[in-house]
Amino acid sequence: MDYLSINKEAWDKRTKVHVESSFYDIESFKNGKCSLNPVELKQVGNVEGKSLLHLQCHFGQDTLSWARLGAEVTGVDLSADAIEQANLLKQSLGLKANFIESDVVQFGRENTQKFDIVFTSYGVLCWLSNLADWAQTVAKSLKTGGEFHLIEFHAFCDLLSGYSYFSRGAPDVEEEGTYTENCDGTKSTVVTWSHSMSEVISALIGAGLAIESFSEHPYSPYNCFDGLELVPDLGYQMLYKGQQVPLLYAIKARKIA
């Protein structure tokens, strides 16, 4: 199965919908709104004058938000349509950014540039079949002493939605629409994989990265799962038998050699 081509086609279709959505609200972004959330802003900290690689950057809003905060940014995404939109957005805002159309693993094999920061966030790991290769891309892209930051939806959410918590090797192949409010019901074939917390952490350690922090969060900034409820000033939560479900986790790792 050529899962890269299947997912690329799906994300090309999604990009066309996403750029017109209130969810991404490009108009507000163009008027100065930052697309980054408090979780990643707090964890990553000051990026002024630092080189930052954003893996699986979609059409570049978060990448360009880091650029607005002073970083020298490069964004990588599988979707040609997403990269085209990212470049159009960059040009309309007069910002400096380098956007590359590539699969994460292939990018890691070809890239020779080293960055101060590698960043990736929100719904990225399920599209990857092999986290060992992904972690090698991260490690090879970092300068010695450089930082990796991952903010991701918690695997517990997938478990409650009926997916496997543990990696099964074989992917889930489904027909589904996209997550923005303007989805017209059009569905695409998508291929995804489950990854446990231990698999993520072990992949990063196996690539030679030192885990400096790991945190879990009961609130999501996005209303993108069934059964979420808004808690003012905190975000969206999910309760299971009256108890909060972990919705996000964040990892900070460093390349020490």
# chains A, B, ... in the order shown; residues from 1 in each chain; ligands from 1
>>> residues_around(residues="stretch 138-145 of chain A", least_positions_apart="3", cutoff="8 Å", atoms="only C-alpha atoms", output="list in words")
Gly108, Asn111, Thr112, Gln113, Lys114, Phe115, Asp116, Ile117, Val118, Trp134, Ala135, Phe148, Ala207, Gly208, Leu209, Arg254, Lys255, Ile256 and Ala257 of chain A
>>> select_by_dssp(residues="stretch 32-205 of chain A", states="helix (DSSP H, G or I)", output="VMD selection string")
chain A and resid 38 to 44 61 to 68 80 to 93 104 to 110 125 to 127 131 to 141 155 to 160 197 to 205
>>> atom_distance(atom1="atom CA of A:Tyr3", atom2="atom CA of A:Val191")
6.2 Å
>>> select_by_dssp(residues="stretch 15-133 of chain A", states="strand (DSSP E)", output="mmCIF file with C-alpha atoms, in the first residue's frame")
data_model
loop_
_atom_site.group_PDB
_atom_site.id
_atom_site.type_symbol
_atom_site.label_atom_id
_atom_site.label_comp_id
_atom_site.auth_asym_id
_atom_site.auth_seq_id
_atom_site.Cartn_x
_atom_site.Cartn_y
_atom_site.Cartn_z
ATOM 1 C CA SER A 51 16.574 28.632 13.622
ATOM 2 C CA LEU A 52 13.391 26.561 13.890
ATOM 3 C CA LEU A 53 12.283 23.552 11.860
ATOM 4 C CA HIS A 54 8.544 22.827 11.898
ATOM 5 C CA LEU A 55 7.757 19.271 10.826
ATOM 6 C CA GLU A 72 14.258 31.842 11.275
ATOM 7 C CA VAL A 73 11.773 29.219 10.138
ATOM 8 C CA THR A 74 11.581 26.227 7.832
ATOM 9 C CA GLY A 75 8.333 24.276 7.448
ATOM 10 C CA VAL A 76 7.996 20.779 6.003
ATOM 11 C CA ASP A 77 4.770 19.087 4.892
ATOM 12 C CA ALA A 97 10.171 31.408 5.697
ATOM 13 C CA ASN A 98 11.345 28.372 3.773
ATOM 14 C CA PHE A 99 8.639 25.802 3.002
ATOM 15 C CA ILE A 100 9.527 22.328 1.726
ATOM 16 C CA GLU A 101 7.189 19.705 0.280
ATOM 17 C CA PHE A 115 18.500 23.807 13.601
ATOM 18 C CA ASP A 116 18.364 25.218 17.124
ATOM 19 C CA ILE A 117 14.776 23.989 17.537
ATOM 20 C CA VAL A 118 12.657 21.273 15.960
ATOM 21 C CA PHE A 119 8.929 21.651 16.618
ATOM 22 C CA THR A 120 5.851 19.590 15.771
ATOM 23 C CA SER A 121 2.344 19.597 17.180
#
>>> residues_around(residues="A:Asp158", least_positions_apart="3", cutoff="10 Å", atoms="only C-alpha atoms", output="PyMOL selection string")
chain A and resi 153-155+161-165+194-195+225+247
>>> closest_residue(among="A:Ala67, A:Val200, A:Ala170, A:Val104", to="A:Leu36", atoms="only C-alpha atoms")
A:Ala67
>>> residues_around(residues="A:Ser215", least_positions_apart="3", cutoff="10 Å", atoms="only C-alpha atoms", output="PyMOL selection string")
chain A and resi 151+248-252
>>> closest_residue(among="A:Cys57, A:Tyr24, A:Ala203, A:Asp62", to="A:Leu41", atoms="only C-alpha atoms")
A:Asp62
>>> closest_residue(among="A:Phe166, A:Ala80, A:Trp127, A:Phe29", to="A:Gln61", atoms="only C-alpha atoms")
A:Phe29
>>> residues_around(residues="A:Leu125", least_positions_apart="2", cutoff="8 Å", atoms="only C-alpha atoms", output="PyMOL selection string")
chain A and resi 123+127-128+131+152+193+195
>>> write_last_selection(atoms="C-alpha atoms", output="mmCIF file, in the first residue's frame")
data_model
loop_
_atom_site.group_PDB
_atom_site.id
_atom_site.type_symbol
_atom_site.label_atom_id
_atom_site.label_comp_id
_atom_site.auth_asym_id
_atom_site.auth_seq_id
_atom_site.Cartn_x
_atom_site.Cartn_y
_atom_site.Cartn_z
ATOM 1 C CA GLY A 123 -2.235 15.274 15.386
ATOM 2 C CA TRP A 127 0.338 9.675 10.104
ATOM 3 C CA LEU A 128 3.739 8.040 10.624
ATOM 4 C CA LEU A 131 8.584 6.409 14.841
ATOM 5 C CA GLU A 152 0.471 16.083 20.748
ATOM 6 C CA TRP A 193 -1.146 4.215 12.956
ATOM 7 C CA HIS A 195 1.510 4.858 18.883
#
>>> atom_distance(atom1="atom CA of A:Pro232", atom2="atom CA of A:Leu150")
25.1 Å
>>> closest_residue(among="A:Arg168, A:Gln136, A:Glu181, A:Asn223", to="A:Ile205", atoms="only C-alpha atoms")
A:Gln136
>>> residues_around(residues="A:Ser22", least_positions_apart="3", cutoff="9 Å", atoms="only C-alpha atoms", output="PyMOL selection string")
chain A and resi 18-19+25-26+180-182
>>> atom_distance(atom1="atom CA of A:Gln91", atom2="atom CA of A:Trp66")
15.6 Å
>>> decode(residues="stretch 62-133 of chain A", atoms="C-alpha atoms", output="PDB file, in the first residue's frame")
ATOM      1  CA  ASP A  62       2.155  28.061  13.226  1.00  0.00           C
ATOM      2  CA  THR A  63       5.417  28.237  11.285  1.00  0.00           C
ATOM      3  CA  LEU A  64       4.741  31.871  10.414  1.00  0.00           C
ATOM      4  CA  SER A  65       3.666  32.596  13.997  1.00  0.00           C
ATOM      5  CA  TRP A  66       7.135  31.481  15.104  1.00  0.00           C
ATOM      6  CA  ALA A  67       8.580  33.752  12.396  1.00  0.00           C
ATOM      7  CA  ARG A  68       6.592  36.672  13.813  1.00  0.00           C
ATOM      8  CA  LEU A  69       8.175  35.882  17.186  1.00  0.00           C
ATOM      9  CA  GLY A  70      11.631  36.236  15.683  1.00  0.00           C
ATOM     10  CA  ALA A  71      12.616  32.738  14.580  1.00  0.00           C
ATOM     11  CA  GLU A  72      14.258  31.842  11.275  1.00  0.00           C
ATOM     12  CA  VAL A  73      11.773  29.219  10.138  1.00  0.00           C
ATOM     13  CA  THR A  74      11.581  26.227   7.832  1.00  0.00           C
ATOM     14  CA  GLY A  75       8.333  24.276   7.448  1.00  0.00           C
ATOM     15  CA  VAL A  76       7.996  20.779   6.003  1.00  0.00           C
ATOM     16  CA  ASP A  77       4.770  19.087   4.892  1.00  0.00           C
ATOM     17  CA  LEU A  78       3.726  16.174   2.706  1.00  0.00           C
ATOM     18  CA  SER A  79       0.955  18.080   0.904  1.00  0.00           C
ATOM     19  CA  ALA A  80       1.866  20.072  -2.191  1.00  0.00           C
ATOM     20  CA  ASP A  81      -1.317  22.126  -1.832  1.00  0.00           C
ATOM     21  CA  ALA A  82      -0.476  22.939   1.785  1.00  0.00           C
ATOM     22  CA  ILE A  83       3.007  24.112   0.851  1.00  0.00           C
ATOM     23  CA  GLU A  84       1.570  26.226  -1.981  1.00  0.00           C
ATOM     24  CA  GLN A  85      -0.843  27.880   0.456  1.00  0.00           C
ATOM     25  CA  ALA A  86       1.961  28.371   2.988  1.00  0.00           C
ATOM     26  CA  ASN A  87       4.019  30.236   0.422  1.00  0.00           C
ATOM     27  CA  LEU A  88       1.037  32.381  -0.579  1.00  0.00           C
ATOM     28  CA  LEU A  89       0.402  33.211   3.078  1.00  0.00           C
ATOM     29  CA  LYS A  90       4.067  34.033   3.613  1.00  0.00           C
ATOM     30  CA  GLN A  91       4.105  36.358   0.635  1.00  0.00           C
ATOM     31  CA  SER A  92       0.893  38.115   1.648  1.00  0.00           C
ATOM     32  CA  LEU A  93       2.381  38.864   5.074  1.00  0.00           C
ATOM     33  CA  GLY A  94       5.874  39.768   3.869  1.00  0.00           C
ATOM     34  CA  LEU A  95       7.469  37.217   6.193  1.00  0.00           C
ATOM     35  CA  LYS A  96      10.629  35.177   5.660  1.00  0.00           C
ATOM     36  CA  ALA A  97      10.171  31.408   5.697  1.00  0.00           C
ATOM     37  CA  ASN A  98      11.345  28.372   3.773  1.00  0.00           C
ATOM     38  CA  PHE A  99       8.639  25.802   3.002  1.00  0.00           C
ATOM     39  CA  ILE A 100       9.527  22.328   1.726  1.00  0.00           C
ATOM     40  CA  GLU A 101       7.189  19.705   0.280  1.00  0.00           C
ATOM     41  CA  SER A 102       8.394  16.373   1.646  1.00  0.00           C
ATOM     42  CA  ASP A 103       7.581  13.335   3.706  1.00  0.00           C
ATOM     43  CA  VAL A 104       9.197  13.662   7.144  1.00  0.00           C
ATOM     44  CA  VAL A 105      11.400  10.591   6.765  1.00  0.00           C
ATOM     45  CA  GLN A 106      12.535  11.473   3.237  1.00  0.00           C
ATOM     46  CA  PHE A 107      13.291  15.006   4.409  1.00  0.00           C
ATOM     47  CA  GLY A 108      15.440  13.568   7.192  1.00  0.00           C
ATOM     48  CA  ARG A 109      17.459  11.529   4.709  1.00  0.00           C
ATOM     49  CA  GLU A 110      18.101  14.487   2.419  1.00  0.00           C
ATOM     50  CA  ASN A 111      18.382  17.436   4.802  1.00  0.00           C
ATOM     51  CA  THR A 112      21.833  18.747   5.753  1.00  0.00           C
ATOM     52  CA  GLN A 113      20.823  21.875   7.692  1.00  0.00           C
ATOM     53  CA  LYS A 114      21.018  21.885  11.500  1.00  0.00           C
ATOM     54  CA  PHE A 115      18.500  23.807  13.601  1.00  0.00           C
ATOM     55  CA  ASP A 116      18.364  25.218  17.124  1.00  0.00           C
ATOM     56  CA  ILE A 117      14.776  23.989  17.537  1.00  0.00           C
ATOM     57  CA  VAL A 118      12.657  21.273  15.960  1.00  0.00           C
ATOM     58  CA  PHE A 119       8.929  21.651  16.618  1.00  0.00           C
ATOM     59  CA  THR A 120       5.851  19.590  15.771  1.00  0.00           C
ATOM     60  CA  SER A 121       2.344  19.597  17.180  1.00  0.00           C
ATOM     61  CA  TYR A 122      -1.268  18.373  17.320  1.00  0.00           C
ATOM     62  CA  GLY A 123      -2.235  15.274  15.386  1.00  0.00           C
ATOM     63  CA  VAL A 124       1.078  14.544  13.718  1.00  0.00           C
ATOM     64  CA  LEU A 125       2.274  11.125  14.893  1.00  0.00           C
ATOM     65  CA  CYS A 126      -0.698   9.058  13.720  1.00  0.00           C
ATOM     66  CA  TRP A 127       0.338   9.675  10.104  1.00  0.00           C
ATOM     67  CA  LEU A 128       3.739   8.040  10.624  1.00  0.00           C
ATOM     68  CA  SER A 129       4.284   4.302  10.274  1.00  0.00           C
ATOM     69  CA  ASN A 130       7.716   4.170  11.902  1.00  0.00           C
ATOM     70  CA  LEU A 131       8.584   6.409  14.841  1.00  0.00           C
ATOM     71  CA  ALA A 132      12.210   5.259  14.902  1.00  0.00           C
ATOM     72  CA  ASP A 133      12.733   6.836  11.463  1.00  0.00           C
TER      73      ASP A 133
END
